[in-house]
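**Q** My structure file entry.cif, mmCIF, C-alpha atoms, is below:
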data_input
#
loop_
_atom_site.label_atom_id
_atom_site.label_comp_id
_atom_site.auth_asym_id
_atom_site.auth_seq_id
_atom_site.Cartn_x
_atom_site.Cartn_y
_atom_site.Cartn_z
CA MET P 206 144.26 30.27 81.21
CA THR P 207 141.41 28.70 83.16
CA GLN P 208 138.41 30.94 83.71
CA LEU P 209 136.11 30.85 86.75
CA ILE P 210 132.41 31.36 86.06
CA ALA P 211 130.20 31.57 89.16
CA ILE P 212 126.43 31.47 88.64
CA THR P 213 123.75 31.74 91.31
CA GLY P 214 120.47 29.89 90.86
CA ALA P 215 121.93 27.43 88.36
CA ASN P 216 119.82 24.40 89.19
CA ARG P 217 116.98 24.96 86.71
CA GLY P 218 115.36 27.27 84.16
CA PHE P 219 117.38 30.14 82.80
CA GLY P 220 120.21 29.48 85.27
CA ARG P 221 120.81 26.06 83.76
CA SER P 222 120.52 27.38 80.20
CA LEU P 223 122.98 30.12 81.05
CA ALA P 224 125.50 27.72 82.56
CA VAL P 225 125.43 25.53 79.46
CA ALA P 226 125.65 28.49 77.04
CA LEU P 227 128.66 29.92 78.89
CA CYS P 228 130.40 26.53 78.88
CA LYS P 229 130.01 26.41 75.12
CA LYS P 230 131.22 29.98 74.64
CA PHE P 231 134.06 29.76 77.19
CA PRO P 232 135.24 26.12 77.01
CA GLN P 233 137.43 24.60 79.71
CA SER P 234 136.07 26.97 82.34
CA THR P 235 135.74 26.07 85.99
CA MET P 236 132.03 26.39 86.79
CA LEU P 237 130.96 27.33 90.33
CA LEU P 238 127.22 26.71 90.42
CA SER P 239 124.89 27.57 93.28
CA CYS P 240 121.39 26.95 94.49
CA ARG P 241 119.63 26.71 97.84
CA SER P 242 120.16 22.95 98.02
CA THR P 243 122.77 21.19 95.93
CA SER P 244 120.51 18.15 95.78
CA LYS P 245 117.85 20.03 93.80
CA GLY P 246 118.74 20.04 90.13
CA LEU P 247 122.46 20.81 90.16
CA ASP P 248 123.38 17.25 89.18
CA GLU P 249 121.55 17.75 85.88
CA THR P 250 123.22 21.13 85.34
CA GLU P 251 126.63 19.66 86.15
CA LYS P 252 126.12 16.88 83.59
CA ALA P 253 125.01 19.35 80.92
CA CYS P 254 128.00 21.61 81.63
CA MET P 255 130.53 18.81 81.40
CA GLU P 256 128.99 17.71 78.10
CA SER P 257 129.22 21.32 76.86
CA GLY P 258 132.91 21.91 77.46
CA ALA P 259 133.41 22.71 81.15
CA LYS P 260 136.74 21.76 82.69
CA THR P 261 135.18 21.08 86.07
CA VAL P 262 132.01 21.86 88.01
CA VAL P 263 131.91 22.80 91.68
CA LYS P 264 128.58 22.96 93.52
CA TRP P 265 127.89 25.76 95.96
CA GLU P 266 125.00 25.59 98.42
CA ILE P 267 123.71 29.02 99.47
CA ASP P 268 120.37 30.20 100.82
CA MET P 269 119.84 33.72 99.48
CA SER P 270 116.94 34.29 101.90
CA THR P 271 119.11 34.11 104.99
CA ASP P 272 120.98 36.94 106.72
CA ALA P 273 123.78 38.88 105.04
CA THR P 274 126.50 37.52 107.34
CA THR P 275 125.64 33.94 106.42
CA VAL P 276 125.47 34.78 102.71
CA ARG P 277 128.91 36.40 102.87
CA SER P 278 130.40 33.48 104.79
CA SER P 279 129.04 30.96 102.29
CA THR P 280 130.24 33.03 99.34
CA MET P 281 133.74 33.54 100.71
CA THR P 282 134.05 29.84 101.48
CA ALA P 283 132.99 28.97 97.94
CA LEU P 284 135.31 31.50 96.27
CA SER P 285 138.45 31.12 98.37
CA PRO P 286 139.81 28.02 96.54
CA PHE P 287 139.86 30.09 93.32
CA SER P 288 141.44 33.28 94.68
CA THR P 289 144.46 33.01 92.36
CA PHE P 290 142.35 32.90 89.18
CA LYS P 291 142.98 35.85 86.87
CA ASN P 292 139.92 35.51 84.60
CA VAL P 293 136.68 35.53 86.59
CA MET P 294 132.97 36.08 86.03
CA LEU P 295 130.02 36.31 88.42
CA VAL P 296 126.44 35.98 87.19
CA ASN P 297 123.78 37.00 89.70
CA ASN P 298 120.86 35.01 88.34
CA ALA P 299 119.07 33.76 91.47
CA GLY P 300 115.83 35.53 92.23
CA SER P 301 112.11 35.18 92.78
CA LEU P 302 108.97 37.10 91.85
CA GLY P 303 107.76 37.74 95.37
CA GLU P 304 104.07 38.21 96.09
CA LEU P 305 102.30 39.55 93.00
CA GLN P 306 99.95 41.85 94.88
CA ASN P 307 99.12 45.50 95.32
CA THR P 308 101.62 47.19 97.62
CA LYS P 309 98.93 47.86 100.25
CA ASP P 310 98.35 44.12 100.61
CA LEU P 311 102.00 43.14 101.20
CA SER P 312 102.87 41.98 104.70
CA ASP P 313 106.01 43.06 106.54
CA SER P 314 107.40 39.52 106.43
CA VAL P 315 106.87 39.23 102.66
CA ILE P 316 108.54 42.60 102.04
CA THR P 317 111.51 41.70 104.24
CA GLU P 318 111.97 38.23 102.78
CA ASN P 319 111.88 39.42 99.18
CA ILE P 320 114.21 42.37 99.64
CA THR P 321 116.61 40.08 101.52
CA SER P 322 116.77 37.39 98.82
CA ASN P 323 116.39 39.55 95.71
CA MET P 324 118.44 42.63 96.59
CA ILE P 325 120.53 42.28 99.75
CA ALA P 326 121.88 38.80 99.01
CA PRO P 327 123.05 39.62 95.44
CA PHE P 328 124.71 42.78 96.77
CA VAL P 329 126.54 40.72 99.40
CA VAL P 330 127.57 38.04 96.88
CA THR P 331 128.95 40.73 94.57
CA SER P 332 130.74 42.51 97.40
CA SER P 333 132.35 39.23 98.46
CA PHE P 334 133.34 38.41 94.88
CA LEU P 335 135.03 41.79 94.45
CA SER P 336 136.81 41.53 97.79
CA VAL P 337 138.45 38.35 96.50
CA PHE P 338 139.22 39.37 92.92
CA ALA P 339 139.03 43.15 92.33
CA ASP P 340 142.67 43.81 93.21
CA SER P 341 144.22 40.63 91.81
CA ALA P 342 142.37 39.33 88.74
CA ASP P 343 143.07 40.70 85.25
CA ASP P 344 139.71 40.04 83.57
CA ILE P 345 136.65 40.54 85.77
CA LYS P 346 132.99 40.53 84.72
CA VAL P 347 129.89 40.86 86.88
CA VAL P 348 126.54 40.17 85.24
CA ASN P 349 123.14 40.94 86.71
CA ILE P 350 120.21 39.06 85.22
CA SER P 351 117.78 41.92 84.99
CA SER P 352 114.35 42.47 83.47
CA LEU P 353 112.35 44.95 81.45
CA LEU P 354 110.61 45.55 84.79
CA ALA P 355 113.81 47.09 86.15
CA ILE P 356 113.01 50.11 83.98
CA LYS P 357 109.25 49.75 83.41
CA PRO P 358 106.69 49.66 86.25
CA LEU P 359 103.88 47.12 86.30
CA LYS P 360 101.19 46.89 88.94
CA GLY P 361 101.48 43.99 91.31
CA PHE P 362 105.24 43.80 90.76
CA SER P 363 106.37 46.44 93.28
CA LEU P 364 108.86 44.15 95.03
CA TYR P 365 110.17 42.61 91.82
CA CYS P 366 110.50 45.91 89.94
CA SER P 367 112.15 47.67 92.87
CA CYS P 368 114.72 44.96 93.50
CA LYS P 369 115.56 44.63 89.81
CA ALA P 370 115.96 48.41 89.51
CA ALA P 371 118.27 48.48 92.53
CA ARG P 372 120.39 45.66 91.09
CA ASP P 373 120.67 47.51 87.76
CA MET P 374 121.90 50.64 89.51
CA HIS P 375 124.33 48.57 91.55
CA MET P 376 126.03 47.45 88.33
CA LYS P 377 126.21 51.04 87.09
CA VAL P 378 127.80 52.16 90.36
CA LEU P 379 130.32 49.29 90.21
CA SER P 380 131.36 50.40 86.73
CA GLU P 381 132.22 53.79 88.25
CA GLU P 382 133.92 52.39 91.35
CA HIS P 383 135.93 49.72 89.54
CA PRO P 384 136.91 50.69 85.97
CA ASN P 385 138.72 47.33 85.70
CA VAL P 386 135.46 45.44 86.27
CA ARG P 387 133.09 44.96 83.32
CA THR P 388 129.45 44.99 84.45
CA LEU P 389 126.32 44.14 82.47
CA ASN P 390 122.59 44.15 83.16
CA TYR P 391 120.92 41.63 80.85
CA ALA P 392 117.14 41.38 80.49
CA PRO P 393 116.44 37.91 79.05
CA GLY P 394 112.81 38.50 78.07
CA PRO P 395 109.69 36.68 79.30
CA MET P 396 110.79 33.06 79.10
CA LYS P 397 109.25 29.59 79.10
CA THR P 398 110.11 28.93 82.74
CA ASP P 399 108.36 28.27 86.03
CA MET P 400 108.39 32.03 86.68
CA ALA P 401 106.18 32.72 83.65
CA MET P 402 103.79 30.01 84.78
CA GLU P 403 103.64 31.63 88.22
CA ILE P 404 102.66 34.99 86.73
CA GLN P 405 100.03 33.35 84.52
CA THR P 406 98.38 31.62 87.47
CA SER P 407 99.17 33.61 90.61
CA HIS P 408 99.05 37.33 89.77
CA SER P 409 96.33 39.18 91.69
CA ASP P 410 95.18 40.93 88.48
CA THR P 411 93.49 38.61 85.96
CA ASP P 412 94.14 41.05 83.10
CA ILE P 413 97.89 40.75 83.70
CA GLN P 414 97.53 36.97 83.95
CA ASN P 415 95.84 36.94 80.56
CA ASN P 416 98.40 39.31 79.02
CA PHE P 417 101.20 36.97 80.03
CA LYS P 418 99.29 33.98 78.70
CA ALA P 419 99.09 35.75 75.32
CA LEU P 420 102.83 36.47 75.14
CA GLU P 421 105.10 34.54 72.82
CA LEU P 422 107.55 33.33 75.45
CA VAL P 423 111.28 33.20 74.77
CA ASP P 424 113.20 29.92 74.75
CA PRO P 425 115.63 30.25 77.70
CA ASN P 426 118.34 28.50 75.68
CA ALA P 427 118.07 31.15 72.95
CA SER P 428 118.24 34.00 75.43
CA ALA P 429 121.20 32.40 77.20
CA ALA P 430 123.03 32.10 73.88
CA VAL P 431 122.56 35.85 73.30
CA VAL P 432 124.07 36.93 76.61
CA ALA P 433 126.91 34.44 76.17
CA GLN P 434 127.69 36.02 72.81
CA LEU P 435 127.51 39.53 74.29
CA LEU P 436 129.99 38.52 76.99
CA SER P 437 132.29 36.86 74.48
CA ALA P 438 132.27 39.84 72.12
CA ASN P 439 132.82 42.12 75.13
CA THR P 440 131.92 45.30 73.24
CA PHE P 441 129.13 46.53 75.52
CA THR P 442 129.56 49.63 77.67
CA SER P 443 130.14 48.68 81.28
CA GLY P 444 126.95 49.21 83.28
CA ASP P 445 124.68 48.85 80.23
CA HIS P 446 121.15 47.44 80.42
CA LEU P 447 120.78 45.22 77.34
CA ASP P 448 117.66 43.35 76.28
CA TYR P 449 117.25 40.02 74.49
CA TYR P 450 114.95 41.48 71.85
CA ASP P 451 117.38 44.24 70.91
CA ASN P 452 120.31 41.83 70.60
CA LYS P 453 118.95 38.49 69.35
CA HIS P 454 120.17 39.39 65.85
CA ILE P 455 123.75 38.71 66.94
CA LEU P 456 123.07 34.99 66.61
CA GLU P 457 121.96 35.29 62.98
#
Could you write out this structure as structure tokens?
**A**
Amino acid sequence: MTQLIAITGANRGFGRSLAVALCKKFPQSTMLLSCRSTSKGLDETEKACMESGAKTVVKWEIDMSTDATTVRSSTMTALSPFSTFKNVMLVNNAGSLGELQNTKDLSDSVITENITSNMIAPFVVTSSFLSVFADSADDIKVVNISSLLAIKPLKGFSLYCSCKAARDMHMKVLSEEHPNVRTLNYAPGPMKTDMAMEIQTSHSDTDIQNNFKALELVDPNASAAVVAQLLSANTFTSGDHLDYYDNKHILE
């Protein structure tokens, strides 16, 4: 039976690694891949997915920084052709760091923009996904790409930590509301991506910049392979927060 795997923010970095890893673990899946502009990187992800076992790739253009009504409309339009699928997975990967500043220095516009794109939009995407599949599909998974900072505070990361924590709790609530839906919060570790480079160069605290420069960064392909294996094994407790470092042994 064909599986639908929908991934937000799949045009680069961990999103691309994740798409490829899931194609390898769940071959012949229909991949629904999103980013803000389908012309920015999704061609490369599509090619990598088709070479890794995907049945087909469908591109989905969505701006997560826009209003909730527009996000829902875009999501419903993207999902509606697949409404009869019985095996479905959503991975909320899209996200940004926000301004890495002390809370007192954050402007109203920055706060609003970051909460819109990093918390409200994923909530709306998930709500839309469940409205299509919760009462009809047999195998449903919703994955939130989380972070250690969802459960551990770090100065300068007030927007990022808060949004990640809210998204983690959202998955836990969904596991209570929908026992037929398997939810997972996966923290992929500090990875060799543009986001790590941004922290190393843009954080308002030079000590934190230097700490991140000293980290041994995780290969995004390795972290993606871990979460793909976790989803394939399907033995986690719904709503769990699982970390790359605690689970990388499963690939040994």
**Q** Go ahead and compute the interatomic distance for atom CA of P:Met376 and atom CA of P:Asn390, in Å to one decimal.
**A** 7.0 Å
**Q** On this structure, the PyMOL selection byres ((chain P and resi 237-243) around 6) would catch which residues? List them as a list in words, sorted by chain and number.
**A**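 Selected by the PyMOL selection byres ((chain P and resi 237-243) around 6) in this file: Ala211, Ile212, Thr213, Gly214, Ala215, Met236, Ser244, Lys245, Leu247, Val263, Lys264, Trp265, Glu266, Ile267 and Asp268 of chain P.
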**Q** Can you write just those residues out, C-alpha atoms, as a compact mmCIF listing (two decimals), in the frame of the given file?
**A**
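Below is the file result.txt, written as the result:
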# COMPACT_ATOMS: atom_id res chain seq x y z
CA ALA P 211 130.20 31.57 89.16
CA ILE P 212 126.43 31.47 88.64
CA THR P 213 123.75 31.74 91.31
CA GLY P 214 120.47 29.89 90.86
CA ALA P 215 121.93 27.43 88.36
CA MET P 236 132.03 26.39 86.79
CA SER P 244 120.51 18.15 95.78
CA LYS P 245 117.85 20.03 93.80
CA LEU P 247 122.46 20.81 90.16
CA VAL P 263 131.91 22.80 91.68
CA LYS P 264 128.58 22.96 93.52
CA TRP P 265 127.89 25.76 95.96
CA GLU P 266 125.00 25.59 98.42
CA ILE P 267 123.71 29.02 99.47
CA ASP P 268 120.37 30.20 100.82
**Q** Exactly which residues make up the result of the PyMOL selection byres ((chain P and resi 418) around 10) on this file, given as a list in words?
**A**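 So the PyMOL selection byres ((chain P and resi 418) around 10), applied here, picks out Ala401, Met402, Ile404, Gln405, Thr406, Asp412, Ile413, Gln414, Asn415, Asn416, Phe417, Ala419, Leu420, Glu421 and Leu422 of chain P.
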**Q** Please list as JSON, numbers by chain every residue within 10 Å of P:Ser278, counting only C-alpha atoms and excluding residues in the same chain fewer than 4 positions away.
**A** {"P": [267, 273, 274, 282, 283, 329, 330, 333]}
**Q** Calculate how many Å separate atom CA of P:Gly258 from atom CA of P:Ser222, rounding to one decimal.
**A**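 Distance reported for this atom pair: 13.8 Å.
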**Q** Evaluated on this file, the PyMOL selection byres ((chain P and resi 433-450) around 7) picks out some residues - which ones are they, written as a list of chain:residue names?
**A**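 Going through the file, the PyMOL selection byres ((chain P and resi 433-450) around 7) ends up selecting P:Ala226, P:Leu227, P:Lys230, P:Met376, P:Lys377, P:Ser380, P:Arg387, P:Thr388, P:Leu389, P:Asn390, P:Tyr391, P:Ala392, P:Pro393, P:Gly394, P:Ser428, P:Ala429, P:Ala430, P:Val431, P:Val432, P:Asp451, P:Asn452, P:Lys453.
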**Q** So how far away is atom CA of P:Phe328 from atom CA of P:Gly361, in Å?
**A**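 Separating atom CA of P:Gly361 from atom CA of P:Phe328 is a distance of 23.9 Å.
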**Q** May I have the residues within 8 Å of P:Lys357 as number ranges by chain, using all atoms listed in the file and disregarding those fewer than 3 positions away in the same chain?
**A** P: 353-354, 366
**Q** As a list in words, please: the residues near P:Ile325 (cut-off 12 Å, all atoms listed in the file, same-chain neighbours under 5 positions excluded).
**A**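 The residues that qualify are Met269, Ser270, Thr271, Asp272, Ala273, Thr274, Thr275, Val276, Arg277, Asn297, Ala299, Gly300, Thr317, Glu318, Asn319, Ile320, Val330, Thr331, Ser332, Cys368, Lys369, Ala371, Arg372 and His375 of chain P.
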**Q** Which residue out of P:Asp310, P:Glu457, P:Asp373, P:Glu256 has the minimum interatomic distance to P:Ser352 when all atoms listed in the file are used?
**A**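 Ranking P:Asp310, P:Glu457, P:Asp373, P:Glu256 by distance to P:Ser352, first place goes to P:Asp373.
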**Q** Write out as JSON, numbers by chain the residues lying within 9 Å of P:Lys291, counting all atoms listed in the file and excluding same-chain residues fewer than 3 positions away.
**A** {"P": [206, 207, 208, 209, 288, 338, 341, 342, 343, 344, 345]}
**Q** For those residues, write C-alpha atoms to a file as a tab-separated table (two decimals), in the coordinates of the input.
**A**
chain	number	residue	atom	x	y	z
P	206	MET	CA	144.26	30.27	81.21
P	207	THR	CA	141.41	28.70	83.16
P	208	GLN	CA	138.41	30.94	83.71
P	209	LEU	CA	136.11	30.85	86.75
P	288	SER	CA	141.44	33.28	94.68
P	338	PHE	CA	139.22	39.37	92.92
P	341	SER	CA	144.22	40.63	91.81
P	342	ALA	CA	142.37	39.33	88.74
P	343	ASP	CA	143.07	40.70	85.25
P	344	ASP	CA	139.71	40.04	83.57
P	345	ILE	CA	136.65	40.54	85.77
**Q** I'd like to know which of P:Leu295, P:Cys254, P:Leu223, P:Met281 is closest to P:Ile210, using all atoms listed in the file.
**A**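 Checking each of P:Leu295, P:Cys254, P:Leu223, P:Met281 against P:Ile210, counting all atoms listed in the file, the winner is P:Leu295.
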**Q** Using all atoms listed in the file, which protein or nucleic acid residues come within 12 Å of P:Leu305? Drop anything in the same chain fewer than 2 positions from it, and give the result as an NGL selection string.
**A** :P and (301-303 or 307-312 or 315-316 or 319 or 359-366 or 400 or 403-411 or 413-414)
**Q** Will you model N, CA, C and O atoms for stretch 288-303 of chain P and pass it back as a short mmCIF file (atom, residue, chain, number, x, y, z; two decimals), in the frame of the given file?
**A**
data_model
loop_
_atom_site.label_atom_id
_atom_site.label_comp_id
_atom_site.auth_asym_id
_atom_site.auth_seq_id
_atom_site.Cartn_x
_atom_site.Cartn_y
_atom_site.Cartn_z
N SER P 288 141.00 31.90 94.50
CA SER P 288 141.44 33.28 94.68
C SER P 288 142.61 33.67 93.79
O SER P 288 142.85 34.86 93.58
N THR P 289 143.32 32.69 93.23
CA THR P 289 144.46 33.01 92.36
C THR P 289 144.06 33.10 90.89
O THR P 289 144.89 33.44 90.05
N PHE P 290 142.79 32.83 90.57
CA PHE P 290 142.35 32.90 89.18
C PHE P 290 142.42 34.35 88.69
O PHE P 290 142.11 35.28 89.43
N LYS P 291 142.82 34.52 87.45
CA LYS P 291 142.98 35.85 86.87
C LYS P 291 141.83 36.24 85.93
O LYS P 291 141.69 37.40 85.58
N ASN P 292 141.02 35.27 85.53
CA ASN P 292 139.92 35.51 84.60
C ASN P 292 138.65 35.01 85.29
O ASN P 292 138.45 33.79 85.41
N VAL P 293 137.80 35.93 85.74
CA VAL P 293 136.68 35.53 86.59
C VAL P 293 135.40 36.23 86.17
O VAL P 293 135.41 37.37 85.70
N MET P 294 134.28 35.54 86.37
CA MET P 294 132.97 36.08 86.03
C MET P 294 131.96 35.66 87.09
O MET P 294 131.95 34.50 87.50
N LEU P 295 131.14 36.60 87.52
CA LEU P 295 130.02 36.31 88.42
C LEU P 295 128.73 36.65 87.70
O LEU P 295 128.60 37.74 87.13
N VAL P 296 127.77 35.73 87.75
CA VAL P 296 126.44 35.98 87.19
C VAL P 296 125.42 35.86 88.32
O VAL P 296 125.18 34.77 88.84
N ASN P 297 124.84 36.99 88.70
CA ASN P 297 123.78 37.00 89.70
C ASN P 297 122.45 36.72 89.00
O ASN P 297 121.81 37.62 88.46
N ASN P 298 122.09 35.44 89.01
CA ASN P 298 120.86 35.01 88.34
C ASN P 298 119.74 34.69 89.33
O ASN P 298 118.57 34.91 89.03
N ALA P 299 120.09 34.19 90.51
CA ALA P 299 119.07 33.76 91.47
C ALA P 299 118.11 34.89 91.80
O ALA P 299 118.51 36.04 91.95
N GLY P 300 116.83 34.54 91.88
CA GLY P 300 115.83 35.53 92.23
C GLY P 300 114.44 34.92 92.20
O GLY P 300 114.24 33.82 91.69
N SER P 301 113.49 35.64 92.76
CA SER P 301 112.11 35.18 92.78
C SER P 301 111.19 36.36 92.51
O SER P 301 111.58 37.52 92.60
N LEU P 302 109.94 36.06 92.18
CA LEU P 302 108.97 37.10 91.85
C LEU P 302 108.48 37.84 93.09
O LEU P 302 108.14 39.02 93.03
N GLY P 303 108.41 37.16 94.21
CA GLY P 303 107.76 37.74 95.37
C GLY P 303 106.25 37.61 95.24
O GLY P 303 105.73 36.93 94.35
#
